[in-house]
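Report on one structure; see the data block that follows.
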Amino acid sequence: MNGDAVLELTGLDALIAALIARGYRVIGPRVQDGAIVLDELQHAADLPVGVKDEQSPGRYRLAPRSDNAHFGYVVGPHAYKRVFHVPVETLFRVRRDGRGFEVTETPVDARPVALFGARACDVAATTVQDRVLAEGAHPDPRYVARRKDAFVVAVACNEPGATCFCASMNTGPRPADGFDLSLTELLPEPGVPHRFYVEVGTERGRAVLDEVAHALPSDEDRRRARALADAAVASMDKHLETRHLRDLLIDNPEHPRWRAVAERCITCTSCTLVCPTCFCSSMDDVTSLEGEAERVRRWDSCFTRSYSYMHGGPARPSVEARYRHWLTHKLAGWIDQFGSSGCVGCGRCITWCPAGIDLTEEVAAIRADVKAARGASKEA
Amino acid sequence: MSAAVDIGLAPMLPRPARITRVVKETADTFTLHLEPPDGKLAFMPGQFNMLYVFGVGEVPISISGDPDAPEVLVHTIRAVGAVTKALMAMVPGDVVGVRGPYGNAWPVGEGMRRDLVVVAGGIGLAPLRPVIYHALSHRADFDRVYVLYGTRTPSDILFEEELRAWRARFDMEVELTVDRGLAGWSGRTGVVTTLIERADFAPESAVAMVCGPEVMMRFAARELAQNGVEEERIFVSLERKMKCGVGLCGNCQLGPELLCRDGPIYPYSRARRLFAVREL
């Protein structure tokens, strides 16, 4: 860490202004249509001030808070992947040229972006997507162009939601790395005004902070930030046991629990769309009436039949196989492919599942069963 | 600040390649000879290209030509979907888009001074033909060379003239079988696995390369293993839907494997558990 600081409440606005002045598009949380989404911010007042979100499996509601907290909520349906790995884009256009054709790539909007108020899980998710889309043998140049200069202002979660389990995945609730600046919101206390404890992650973060009025933190500020992080971990009710998780799933593809969950799953694809790391995409070739063609890439989901469709039909016709593929890839295959779990514990897939399917429950059920079976075979 | 930048989509852009020759192989299968985009397209046996038809789409097709003759790009294709049917309608002079080559290779280095056993089913002979070309032009690198080929019917046999020429050679064995014989067929009938038992290769040192429908590969690999070929030296070429070819779109996963990036060719020791699970 490159030091720390405190920012008064007014400093938040100044921080956004400093980022805009440096040419960043500042993307952060805003209230829209009854949810907290990610969109462009101009002022601190654009943030969901005094708002909280109530989340549980299959349920999401906003409600007023009794205080003036600027970050008194957790993550909504949007993840930062929509900024770097955009939902729909045209990769190139093709024009007929005699019997041949000419291919022109579509330019990328690569204005630098500042992620403002990114939660630890989302910062970790961005690192996970970097490994997939930017750090392999064939990086996606469009992703890299949008991602490479991004500035990150992270925010620690003081009040985890009911579907959060980042502590299990070792990604939060306090951002450990991957940020330029990281804020912990300190609500007003008698004699101490509303302020933010700031950790500086990079030289660039320091340079931006220096453009904004700030002060050295007191020991009490530091103590409060630490205490809030500890309390956040302690208050997180949801857990995912990750010990031997890869082998547990890889070794149990025929477990009856897959069939049971398939009876609830309606293959709506919500979980994959809200997931901050799911990266699958389809590429569709379309033609216009003017005789031009283009290739459009859009987010795809392993829950559709078309996702695995080859000559002869889908490779995974059953819902059971599709759910198994998603969860096994996320928590197990991902480790083989990219060196880390694909899950950051943000809980979005639980909240936004219309059937309220909770992956932590599914894993726990398989684990308990396998453990019981092992115990029984030992006794026998 | 300038917003739009050209970022060089190299791995994502199809490059035009002109068709120089079209060979009709069977009722639904044909071979295209193409002028590679840069005059030549170096590849290893078993690799594939993404072939693009203007406005229709793009499909992964393995290269069926001679790796020692990279100035001609050769693809053998079965017309089963929109893109492959559009490819079948093409004539010399038409242009298709090419991205590649992608994927890993049949381990022809592994075959050095070993018996080479090529086992193919149907269109599966196409991705193995570069192995056969390689073995014949580097014949001293191998001991005995076997090509065991099965198709559904006699009219599905690919590369018939070449098979006849190979069969006439004294330095390789070529065996054919069909699932269903038709009038006039006096060759063997039965599935391709029956040829494995009859062939007199040395299992302890042999390297086997198997390509065909998934079920055929599963049984052929099992038969080879039961005949004493080590699982690490039996290779299969796996198939799933592919869209990007470079490990970015996720479509080609089979269990924990990302076929376009780490495959499509795997030793049976690794593929066996993938074959064992339904709808993986």
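Following the order of the structure tokens, first chain is A, next is B, and so on, with residues numbered from 1 inside each chain and ligands from 1 in the order they appear.
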
List as a PDB file with N, CA and C atoms, in the first residue's frame the protein and nucleic acid residues near stretch 312-321 of chain A, meaning an atom at most 9 Å away when only C-alpha atoms are counted, but skip any in the same chain fewer than 5 places from it.
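Now in selection.pdb:
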```pdb
ATOM      1  N   PRO A 253     -20.215 -36.048 -11.302  1.00  0.00           N
ATOM      2  CA  PRO A 253     -21.105 -35.559 -12.360  1.00  0.00           C
ATOM      3  C   PRO A 253     -22.447 -36.291 -12.409  1.00  0.00           C
ATOM      4  N   TRP A 258     -27.976 -33.034  -9.111  1.00  0.00           N
ATOM      5  CA  TRP A 258     -28.050 -32.297 -10.382  1.00  0.00           C
ATOM      6  C   TRP A 258     -29.454 -32.419 -10.975  1.00  0.00           C
ATOM      7  N   ARG A 259     -30.020 -33.618 -10.849  1.00  0.00           N
ATOM      8  CA  ARG A 259     -31.371 -33.815 -11.383  1.00  0.00           C
ATOM      9  C   ARG A 259     -32.373 -33.008 -10.564  1.00  0.00           C
ATOM     10  N   ALA A 260     -32.151 -32.983  -9.257  1.00  0.00           N
ATOM     11  CA  ALA A 260     -33.079 -32.261  -8.379  1.00  0.00           C
ATOM     12  C   ALA A 260     -33.061 -30.763  -8.684  1.00  0.00           C
ATOM     13  N   VAL A 261     -31.891 -30.202  -8.873  1.00  0.00           N
ATOM     14  CA  VAL A 261     -31.826 -28.753  -9.125  1.00  0.00           C
ATOM     15  C   VAL A 261     -32.405 -28.441 -10.508  1.00  0.00           C
ATOM     16  N   ALA A 262     -32.274 -29.399 -11.433  1.00  0.00           N
ATOM     17  CA  ALA A 262     -32.814 -29.181 -12.780  1.00  0.00           C
ATOM     18  C   ALA A 262     -34.337 -29.066 -12.759  1.00  0.00           C
ATOM     19  N   GLU A 263     -34.963 -29.628 -11.732  1.00  0.00           N
ATOM     20  CA  GLU A 263     -36.421 -29.514 -11.640  1.00  0.00           C
ATOM     21  C   GLU A 263     -36.840 -28.102 -11.242  1.00  0.00           C
ATOM     22  N   CYS A 265     -34.621 -25.272 -11.953  1.00  0.00           N
ATOM     23  CA  CYS A 265     -34.004 -24.328 -12.904  1.00  0.00           C
ATOM     24  C   CYS A 265     -34.874 -24.202 -14.145  1.00  0.00           C
ATOM     25  N   ILE A 266     -35.150 -22.944 -14.552  1.00  0.00           N
ATOM     26  CA  ILE A 266     -35.967 -22.742 -15.750  1.00  0.00           C
ATOM     27  C   ILE A 266     -35.109 -22.282 -16.931  1.00  0.00           C
ATOM     28  N   THR A 267     -33.807 -22.439 -16.821  1.00  0.00           N
ATOM     29  CA  THR A 267     -32.824 -22.092 -17.866  1.00  0.00           C
ATOM     30  C   THR A 267     -33.045 -20.693 -18.442  1.00  0.00           C
ATOM     31  N   PHE A 303     -26.782 -21.971 -20.518  1.00  0.00           N
ATOM     32  CA  PHE A 303     -28.101 -22.519 -20.197  1.00  0.00           C
ATOM     33  C   PHE A 303     -29.002 -22.626 -21.424  1.00  0.00           C
ATOM     34  N   ARG A 305     -29.973 -23.998 -25.300  1.00  0.00           N
ATOM     35  CA  ARG A 305     -29.690 -25.184 -26.102  1.00  0.00           C
ATOM     36  C   ARG A 305     -28.738 -24.848 -27.238  1.00  0.00           C
ATOM     37  N   SER A 306     -28.867 -23.621 -27.762  1.00  0.00           N
ATOM     38  CA  SER A 306     -28.040 -23.257 -28.919  1.00  0.00           C
ATOM     39  C   SER A 306     -26.560 -23.177 -28.547  1.00  0.00           C
ATOM     40  N   TYR A 307     -26.269 -22.920 -27.264  1.00  0.00           N
ATOM     41  CA  TYR A 307     -24.881 -22.767 -26.819  1.00  0.00           C
ATOM     42  C   TYR A 307     -24.034 -23.982 -27.181  1.00  0.00           C
ATOM     43  N   TRP A 326     -22.605 -25.393 -15.909  1.00  0.00           N
ATOM     44  CA  TRP A 326     -22.353 -24.025 -15.425  1.00  0.00           C
ATOM     45  C   TRP A 326     -21.638 -24.048 -14.077  1.00  0.00           C
TER      46      TRP A 326
ATOM     47  N   VAL B  80     -23.462 -30.336 -43.611  1.00  0.00           N
ATOM     48  CA  VAL B  80     -24.457 -30.710 -42.604  1.00  0.00           C
ATOM     49  C   VAL B  80     -25.265 -29.517 -42.094  1.00  0.00           C
ATOM     50  N   ARG B 240     -16.575 -30.127 -30.063  1.00  0.00           N
ATOM     51  CA  ARG B 240     -17.705 -29.400 -29.506  1.00  0.00           C
ATOM     52  C   ARG B 240     -17.904 -28.166 -30.389  1.00  0.00           C
ATOM     53  N   LYS B 241     -19.026 -27.491 -30.176  1.00  0.00           N
ATOM     54  CA  LYS B 241     -19.277 -26.276 -30.968  1.00  0.00           C
ATOM     55  C   LYS B 241     -18.149 -25.271 -30.744  1.00  0.00           C
ATOM     56  N   ARG B 278     -22.308 -38.712 -19.645  1.00  0.00           N
ATOM     57  CA  ARG B 278     -23.277 -38.300 -20.660  1.00  0.00           C
ATOM     58  C   ARG B 278     -23.508 -36.799 -20.620  1.00  0.00           C
ATOM     59  N   GLU B 279     -23.663 -36.176 -21.781  1.00  0.00           N
ATOM     60  CA  GLU B 279     -24.008 -34.751 -21.919  1.00  0.00           C
ATOM     61  C   GLU B 279     -23.017 -33.824 -21.223  1.00  0.00           C
ATOM     62  N   LEU B 280     -21.749 -34.208 -21.202  1.00  0.00           N
ATOM     63  CA  LEU B 280     -20.769 -33.389 -20.488  1.00  0.00           C
ATOM     64  C   LEU B 280     -20.541 -32.046 -21.200  1.00  0.00           C
TER      65      LEU B 280
END
```

Inset, instruction - Determine, counting only C-alpha atoms, which protein, DNA and RNA residues have an atom within 10 Å of an atom of B:Gly81; residues of the same chain fewer than 6 positions away are not included. Present the result as number ranges by chain. - result: A: 310-312; B: 59, 87

Using only N, CA and C atoms, please write the residues we just selected to a file, as a PDB file, in the first residue's frame.
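out.pdb, freshly written:
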```
ATOM      1  N   MET A 310     -24.376 -28.520 -32.092  1.00  0.00           N
ATOM      2  CA  MET A 310     -23.518 -28.889 -33.223  1.00  0.00           C
ATOM      3  C   MET A 310     -24.426 -29.557 -34.238  1.00  0.00           C
ATOM      4  N   HIS A 311     -23.846 -30.017 -35.362  1.00  0.00           N
ATOM      5  CA  HIS A 311     -24.611 -30.832 -36.277  1.00  0.00           C
ATOM      6  C   HIS A 311     -25.288 -31.947 -35.472  1.00  0.00           C
ATOM      7  N   GLY A 312     -26.571 -32.123 -35.648  1.00  0.00           N
ATOM      8  CA  GLY A 312     -27.225 -33.228 -34.958  1.00  0.00           C
ATOM      9  C   GLY A 312     -27.930 -32.866 -33.677  1.00  0.00           C
TER      10      GLY A 312
ATOM     11  N   VAL B  59     -17.391 -21.719 -39.579  1.00  0.00           N
ATOM     12  CA  VAL B  59     -17.342 -23.052 -38.955  1.00  0.00           C
ATOM     13  C   VAL B  59     -15.895 -23.526 -38.831  1.00  0.00           C
ATOM     14  N   LEU B  87     -20.785 -23.710 -48.463  1.00  0.00           N
ATOM     15  CA  LEU B  87     -19.446 -24.027 -48.983  1.00  0.00           C
ATOM     16  C   LEU B  87     -19.539 -25.032 -50.125  1.00  0.00           C
TER      17      LEU B  87
END
```

Legend entry - Nearby residues (only C-alpha atoms) at most 6 Å from B:Val178, same-chain spacing under 5 positions excluded, as number ranges by chain: B: 150-153, 189-190

Please produce a file of the residues just selected, as an mmCIF file, in the first residue's frame, where the atoms kept are C-alpha atoms.
```cif
data_model
loop_
_atom_site.group_PDB
_atom_site.id
_atom_site.type_symbol
_atom_site.label_atom_id
_atom_site.label_comp_id
_atom_site.auth_asym_id
_atom_site.auth_seq_id
_atom_site.Cartn_x
_atom_site.Cartn_y
_atom_site.Cartn_z
ATOM 1 C CA GLY B 150 -14.592 -47.622 -41.392
ATOM 2 C CA THR B 151 -17.614 -45.934 -42.945
ATOM 3 C CA ARG B 152 -21.339 -46.508 -42.796
ATOM 4 C CA THR B 153 -21.645 -47.694 -46.408
ATOM 5 C CA THR B 189 -18.428 -55.459 -43.012
ATOM 6 C CA GLY B 190 -18.517 -54.565 -39.340
#
```

Chain A near chain B within 7 Å: what's each residue's closest atom pair and its distance in Å to one decimal, counting only C-alpha atoms, ordered by chain then ascending residue number, as JSON lines?
```
{"residue": "A:Arg99", "atom": "CA", "partner": "B:Asp94", "partner_atom": "CA", "distance": 5.8}
{"residue": "A:Gly100", "atom": "CA", "partner": "B:Val95", "partner_atom": "CA", "distance": 5.0}
{"residue": "A:Glu105", "atom": "CA", "partner": "B:Leu9", "partner_atom": "CA", "distance": 7.0}
{"residue": "A:Pro107", "atom": "CA", "partner": "B:Asp6", "partner_atom": "CA", "distance": 5.4}
{"residue": "A:Val108", "atom": "CA", "partner": "B:Ala4", "partner_atom": "CA", "distance": 5.3}
{"residue": "A:Asp109", "atom": "CA", "partner": "B:Ala4", "partner_atom": "CA", "distance": 5.0}
{"residue": "A:Ala110", "atom": "CA", "partner": "B:Ala3", "partner_atom": "CA", "distance": 5.8}
{"residue": "A:Arg111", "atom": "CA", "partner": "B:Ala3", "partner_atom": "CA", "distance": 5.3}
{"residue": "A:Val132", "atom": "CA", "partner": "B:Leu248", "partner_atom": "CA", "distance": 6.9}
{"residue": "A:Leu133", "atom": "CA", "partner": "B:Leu248", "partner_atom": "CA", "distance": 6.1}
{"residue": "A:His138", "atom": "CA", "partner": "B:Val246", "partner_atom": "CA", "distance": 6.0}
{"residue": "A:Pro141", "atom": "CA", "partner": "B:Leu9", "partner_atom": "CA", "distance": 6.0}
{"residue": "A:Arg142", "atom": "CA", "partner": "B:Ile7", "partner_atom": "CA", "distance": 6.8}
{"residue": "A:Ala145", "atom": "CA", "partner": "B:Ile7", "partner_atom": "CA", "distance": 7.0}
{"residue": "A:Phe279", "atom": "CA", "partner": "B:Cys249", "partner_atom": "CA", "distance": 6.9}
{"residue": "A:Cys280", "atom": "CA", "partner": "B:Cys249", "partner_atom": "CA", "distance": 4.7}
{"residue": "A:Ser281", "atom": "CA", "partner": "B:Cys249", "partner_atom": "CA", "distance": 4.9}
{"residue": "A:Ser282", "atom": "CA", "partner": "B:Cys249", "partner_atom": "CA", "distance": 6.7}
{"residue": "A:Met283", "atom": "CA", "partner": "B:Lys243", "partner_atom": "CA", "distance": 6.4}
{"residue": "A:Asp285", "atom": "CA", "partner": "B:Gly57", "partner_atom": "CA", "distance": 5.2}
{"residue": "A:Val286", "atom": "CA", "partner": "B:Gly55", "partner_atom": "CA", "distance": 5.8}
{"residue": "A:Thr287", "atom": "CA", "partner": "B:Gly55", "partner_atom": "CA", "distance": 5.4}
{"residue": "A:Ala293", "atom": "CA", "partner": "B:Gly55", "partner_atom": "CA", "distance": 5.0}
{"residue": "A:Tyr307", "atom": "CA", "partner": "B:Asn251", "partner_atom": "CA", "distance": 6.4}
{"residue": "A:Ser308", "atom": "CA", "partner": "B:Lys241", "partner_atom": "CA", "distance": 5.8}
{"residue": "A:Tyr309", "atom": "CA", "partner": "B:Lys241", "partner_atom": "CA", "distance": 6.3}
{"residue": "A:Met310", "atom": "CA", "partner": "B:Lys241", "partner_atom": "CA", "distance": 5.5}
{"residue": "A:His311", "atom": "CA", "partner": "B:Val80", "partner_atom": "CA", "distance": 6.3}
{"residue": "A:Ala315", "atom": "CA", "partner": "B:Glu279", "partner_atom": "CA", "distance": 5.8}
{"residue": "A:Arg316", "atom": "CA", "partner": "B:Glu279", "partner_atom": "CA", "distance": 4.9}
{"residue": "A:Ala321", "atom": "CA", "partner": "B:Glu279", "partner_atom": "CA", "distance": 5.9}
{"residue": "A:His329", "atom": "CA", "partner": "B:Pro256", "partner_atom": "CA", "distance": 6.5}
{"residue": "A:Gly333", "atom": "CA", "partner": "B:Pro256", "partner_atom": "CA", "distance": 4.1}
{"residue": "A:Asp336", "atom": "CA", "partner": "B:Pro256", "partner_atom": "CA", "distance": 6.6}
```

Legend entry - Pick from A:Gly72, A:Pro29, A:Pro112, A:Gly3 nearest to A:Asn158, counting only C-alpha atoms: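 Among the listed residues, A:Gly72 lies closest to A:Asn158.
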
Inset, instruction - Using only C-alpha atoms, determine which residues lie at most 8 Å from B:His134, disregarding the query and same-chain residues fewer than 3 positions distant; provide the list as a VMD selection string. - result: chain B and resid 45 66 to 68 108 130 to 131 137 to 139

Legend entry - Gap from atom CA of B:Glu223 to atom CA of B:Val119 - Å, one decimal: 11.1 Å

Would you give me, as a PDB file with N, CA, C and O atoms, in the first residue's frame, the residues in stretch 26-105 of chain B that DSSP reads as helix (DSSP H, G or I)?
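Output file states-v4.pdb follows:
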```pdb
ATOM      1  N   ALA B  82     -25.881 -24.818 -42.353  1.00  0.00           N
ATOM      2  CA  ALA B  82     -26.018 -23.690 -43.280  1.00  0.00           C
ATOM      3  C   ALA B  82     -24.680 -23.328 -43.931  1.00  0.00           C
ATOM      4  O   ALA B  82     -24.602 -23.125 -45.151  1.00  0.00           O
ATOM      5  N   VAL B  83     -23.620 -23.243 -43.133  1.00  0.00           N
ATOM      6  CA  VAL B  83     -22.332 -22.786 -43.674  1.00  0.00           C
ATOM      7  C   VAL B  83     -21.715 -23.858 -44.572  1.00  0.00           C
ATOM      8  O   VAL B  83     -21.240 -23.554 -45.675  1.00  0.00           O
ATOM      9  N   THR B  84     -21.736 -25.103 -44.109  1.00  0.00           N
ATOM     10  CA  THR B  84     -21.105 -26.148 -44.922  1.00  0.00           C
ATOM     11  C   THR B  84     -21.900 -26.396 -46.212  1.00  0.00           C
ATOM     12  O   THR B  84     -21.318 -26.729 -47.246  1.00  0.00           O
ATOM     13  N   LYS B  85     -23.210 -26.182 -46.159  1.00  0.00           N
ATOM     14  CA  LYS B  85     -24.001 -26.303 -47.403  1.00  0.00           C
ATOM     15  C   LYS B  85     -23.666 -25.159 -48.359  1.00  0.00           C
ATOM     16  O   LYS B  85     -23.592 -25.354 -49.573  1.00  0.00           O
ATOM     17  N   ALA B  86     -23.446 -23.959 -47.806  1.00  0.00           N
ATOM     18  CA  ALA B  86     -23.048 -22.825 -48.648  1.00  0.00           C
ATOM     19  C   ALA B  86     -21.665 -23.083 -49.244  1.00  0.00           C
ATOM     20  O   ALA B  86     -21.404 -22.738 -50.410  1.00  0.00           O
ATOM     21  N   LEU B  87     -20.785 -23.710 -48.463  1.00  0.00           N
ATOM     22  CA  LEU B  87     -19.446 -24.027 -48.983  1.00  0.00           C
ATOM     23  C   LEU B  87     -19.539 -25.032 -50.125  1.00  0.00           C
ATOM     24  O   LEU B  87     -18.805 -24.963 -51.109  1.00  0.00           O
ATOM     25  N   MET B  88     -20.485 -25.982 -49.996  1.00  0.00           N
ATOM     26  CA  MET B  88     -20.639 -27.016 -51.019  1.00  0.00           C
ATOM     27  C   MET B  88     -21.097 -26.411 -52.347  1.00  0.00           C
ATOM     28  O   MET B  88     -20.801 -26.961 -53.409  1.00  0.00           O
TER      29      MET B  88
END
```

Inset, instruction - May I have the residues within 7 Å of A:Phe196 as a list in words, using only C-alpha atoms and disregarding those fewer than 5 positions away in the same chain? - result: Val6, Leu7, Glu8, Leu183, Thr184, Glu185 and Leu186 of chain A

Export of the given selection (all heavy atoms) as a PDB file, in the first residue's frame:
```
ATOM      1  N   VAL A   6      -7.695  10.521   4.749  1.00  0.00           N
ATOM      2  CA  VAL A   6      -9.143  10.644   4.928  1.00  0.00           C
ATOM      3  C   VAL A   6      -9.662  11.746   4.018  1.00  0.00           C
ATOM      4  O   VAL A   6      -8.986  12.737   3.748  1.00  0.00           O
ATOM      5  CB  VAL A   6      -9.609  10.960   6.373  1.00  0.00           C
ATOM      6  CG1 VAL A   6      -9.632   9.712   7.222  1.00  0.00           C
ATOM      7  CG2 VAL A   6      -8.823  12.080   6.977  1.00  0.00           C
ATOM      8  N   LEU A   7     -10.868  11.500   3.581  1.00  0.00           N
ATOM      9  CA  LEU A   7     -11.551  12.413   2.663  1.00  0.00           C
ATOM     10  C   LEU A   7     -12.842  12.817   3.360  1.00  0.00           C
ATOM     11  O   LEU A   7     -13.579  11.952   3.837  1.00  0.00           O
ATOM     12  CB  LEU A   7     -11.866  11.617   1.408  1.00  0.00           C
ATOM     13  CG  LEU A   7     -11.905  12.246   0.036  1.00  0.00           C
ATOM     14  CD1 LEU A   7     -10.613  12.954  -0.278  1.00  0.00           C
ATOM     15  CD2 LEU A   7     -12.186  11.154  -1.001  1.00  0.00           C
ATOM     16  N   GLU A   8     -13.115  14.113   3.428  1.00  0.00           N
ATOM     17  CA  GLU A   8     -14.419  14.527   3.964  1.00  0.00           C
ATOM     18  C   GLU A   8     -15.483  14.183   2.922  1.00  0.00           C
ATOM     19  O   GLU A   8     -15.167  13.917   1.768  1.00  0.00           O
ATOM     20  CB  GLU A   8     -14.418  16.031   4.275  1.00  0.00           C
ATOM     21  CG  GLU A   8     -13.399  16.442   5.333  1.00  0.00           C
ATOM     22  CD  GLU A   8     -13.566  15.690   6.657  1.00  0.00           C
ATOM     23  OE1 GLU A   8     -14.720  15.395   7.046  1.00  0.00           O
ATOM     24  OE2 GLU A   8     -12.542  15.332   7.279  1.00  0.00           O
ATOM     25  N   LEU A 183     -11.936   3.065  -0.730  1.00  0.00           N
ATOM     26  CA  LEU A 183     -12.610   3.866   0.291  1.00  0.00           C
ATOM     27  C   LEU A 183     -13.319   2.977   1.309  1.00  0.00           C
ATOM     28  O   LEU A 183     -13.873   1.939   0.949  1.00  0.00           O
ATOM     29  CB  LEU A 183     -13.682   4.761  -0.354  1.00  0.00           C
ATOM     30  CG  LEU A 183     -13.304   5.567  -1.593  1.00  0.00           C
ATOM     31  CD1 LEU A 183     -14.523   6.368  -2.083  1.00  0.00           C
ATOM     32  CD2 LEU A 183     -12.149   6.509  -1.290  1.00  0.00           C
ATOM     33  N   THR A 184     -13.289   3.409   2.563  1.00  0.00           N
ATOM     34  CA  THR A 184     -14.161   2.815   3.572  1.00  0.00           C
ATOM     35  C   THR A 184     -15.007   3.955   4.122  1.00  0.00           C
ATOM     36  O   THR A 184     -14.466   4.971   4.592  1.00  0.00           O
ATOM     37  CB  THR A 184     -13.354   2.164   4.712  1.00  0.00           C
ATOM     38  OG1 THR A 184     -12.512   1.166   4.155  1.00  0.00           O
ATOM     39  CG2 THR A 184     -14.288   1.527   5.737  1.00  0.00           C
ATOM     40  N   GLU A 185     -16.312   3.796   4.027  1.00  0.00           N
ATOM     41  CA  GLU A 185     -17.196   4.883   4.460  1.00  0.00           C
ATOM     42  C   GLU A 185     -17.310   4.882   5.985  1.00  0.00           C
ATOM     43  O   GLU A 185     -17.665   3.861   6.591  1.00  0.00           O
ATOM     44  CB  GLU A 185     -18.580   4.716   3.828  1.00  0.00           C
ATOM     45  CG  GLU A 185     -19.527   5.868   4.178  1.00  0.00           C
ATOM     46  CD  GLU A 185     -20.734   5.935   3.251  1.00  0.00           C
ATOM     47  OE1 GLU A 185     -21.138   4.876   2.720  1.00  0.00           O
ATOM     48  OE2 GLU A 185     -21.263   7.054   3.055  1.00  0.00           O
ATOM     49  N   LEU A 186     -17.019   6.033   6.611  1.00  0.00           N
ATOM     50  CA  LEU A 186     -17.148   6.198   8.063  1.00  0.00           C
ATOM     51  C   LEU A 186     -18.299   7.168   8.301  1.00  0.00           C
ATOM     52  O   LEU A 186     -18.178   8.366   8.034  1.00  0.00           O
ATOM     53  CB  LEU A 186     -15.849   6.742   8.671  1.00  0.00           C
ATOM     54  CG  LEU A 186     -14.564   5.950   8.360  1.00  0.00           C
ATOM     55  CD1 LEU A 186     -13.345   6.651   8.955  1.00  0.00           C
ATOM     56  CD2 LEU A 186     -14.669   4.527   8.897  1.00  0.00           C
TER      57      LEU A 186
END
```

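DSSP annotation of stretch 143-173 of chain B from backbone atoms: strand (DSSP E) residues are Val145, Tyr146, Val147, Leu148, Tyr149, Gly150, Thr151 and Glu173 of chain B.
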
Give me, as a tab-separated table (two decimals) with all heavy atoms, in the first residue's frame, all polymer residues having an atom no more than 8 Å from B:Pro101, counting only C-alpha atoms and skipping those fewer than 6 positions away in the same chain.
```tsv
chain	number	residue	atom	x	y	z
B	41	LEU	N	0.11	-21.39	-45.86
B	41	LEU	CA	-0.42	-21.46	-44.51
B	41	LEU	C	0.18	-22.70	-43.85
B	41	LEU	O	-0.26	-23.82	-44.08
B	41	LEU	CB	-1.96	-21.52	-44.55
B	41	LEU	CG	-2.68	-21.27	-43.22
B	41	LEU	CD1	-3.98	-20.52	-43.44
B	41	LEU	CD2	-2.94	-22.55	-42.46
B	42	ALA	N	1.24	-22.45	-43.09
B	42	ALA	CA	1.93	-23.57	-42.42
B	42	ALA	C	1.03	-24.11	-41.32
B	42	ALA	O	0.39	-23.35	-40.61
B	42	ALA	CB	3.25	-23.09	-41.84
B	43	PHE	N	0.95	-25.43	-41.19
B	43	PHE	CA	0.11	-26.03	-40.16
B	43	PHE	C	0.69	-27.36	-39.72
B	43	PHE	O	1.55	-27.93	-40.40
B	43	PHE	CB	-1.32	-26.23	-40.68
B	43	PHE	CG	-1.44	-27.34	-41.69
B	43	PHE	CD1	-1.88	-28.61	-41.32
B	43	PHE	CD2	-1.11	-27.12	-43.02
B	43	PHE	CE1	-1.99	-29.64	-42.24
B	43	PHE	CE2	-1.20	-28.16	-43.96
B	43	PHE	CZ	-1.64	-29.41	-43.57
B	47	GLN	N	-4.53	-29.69	-37.00
B	47	GLN	CA	-5.01	-28.33	-36.73
B	47	GLN	C	-6.20	-27.99	-37.63
B	47	GLN	O	-6.44	-28.63	-38.65
B	47	GLN	CB	-3.88	-27.32	-36.96
B	47	GLN	CG	-2.84	-27.34	-35.84
B	47	GLN	CD	-1.95	-26.12	-35.91
B	47	GLN	OE1	-1.21	-25.95	-36.88
B	47	GLN	NE2	-2.03	-25.27	-34.91
B	48	PHE	N	-6.93	-26.94	-37.22
B	48	PHE	CA	-8.12	-26.55	-37.97
B	48	PHE	C	-8.11	-25.06	-38.27
B	48	PHE	O	-7.37	-24.29	-37.66
B	48	PHE	CB	-9.39	-26.93	-37.19
B	48	PHE	CG	-9.55	-26.18	-35.88
B	48	PHE	CD1	-10.27	-24.99	-35.82
B	48	PHE	CD2	-8.98	-26.66	-34.71
B	48	PHE	CE1	-10.42	-24.30	-34.63
B	48	PHE	CE2	-9.14	-25.98	-33.51
B	48	PHE	CZ	-9.85	-24.79	-33.46
B	49	ASN	N	-8.94	-24.68	-39.23
B	49	ASN	CA	-9.18	-23.26	-39.53
B	49	ASN	C	-10.65	-22.96	-39.30
B	49	ASN	O	-11.49	-23.85	-39.34
B	49	ASN	CB	-8.88	-22.96	-41.00
B	49	ASN	CG	-7.39	-22.81	-41.27
B	49	ASN	OD1	-6.67	-22.18	-40.50
B	49	ASN	ND2	-6.94	-23.39	-42.36
B	50	MET	N	-10.95	-21.68	-39.06
B	50	MET	CA	-12.33	-21.23	-39.09
B	50	MET	C	-12.58	-20.75	-40.52
B	50	MET	O	-11.86	-19.88	-41.02
B	50	MET	CB	-12.55	-20.07	-38.11
B	50	MET	CG	-12.26	-20.39	-36.66
B	50	MET	SD	-13.27	-21.70	-35.90
B	50	MET	CE	-14.92	-21.05	-36.07
```

Inset, instruction - Find the residues around B:Leu125 up to 8 Å (only C-alpha atoms counted), leave out those fewer than 2 positions away in its own chain, and share them as a list in words. - result: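 Returned residues: Ala120, Gly121, Gly122, Ile123, Pro127, Leu128, Arg129, Tyr149, Leu158, Cys211 and Gly212 of chain B.
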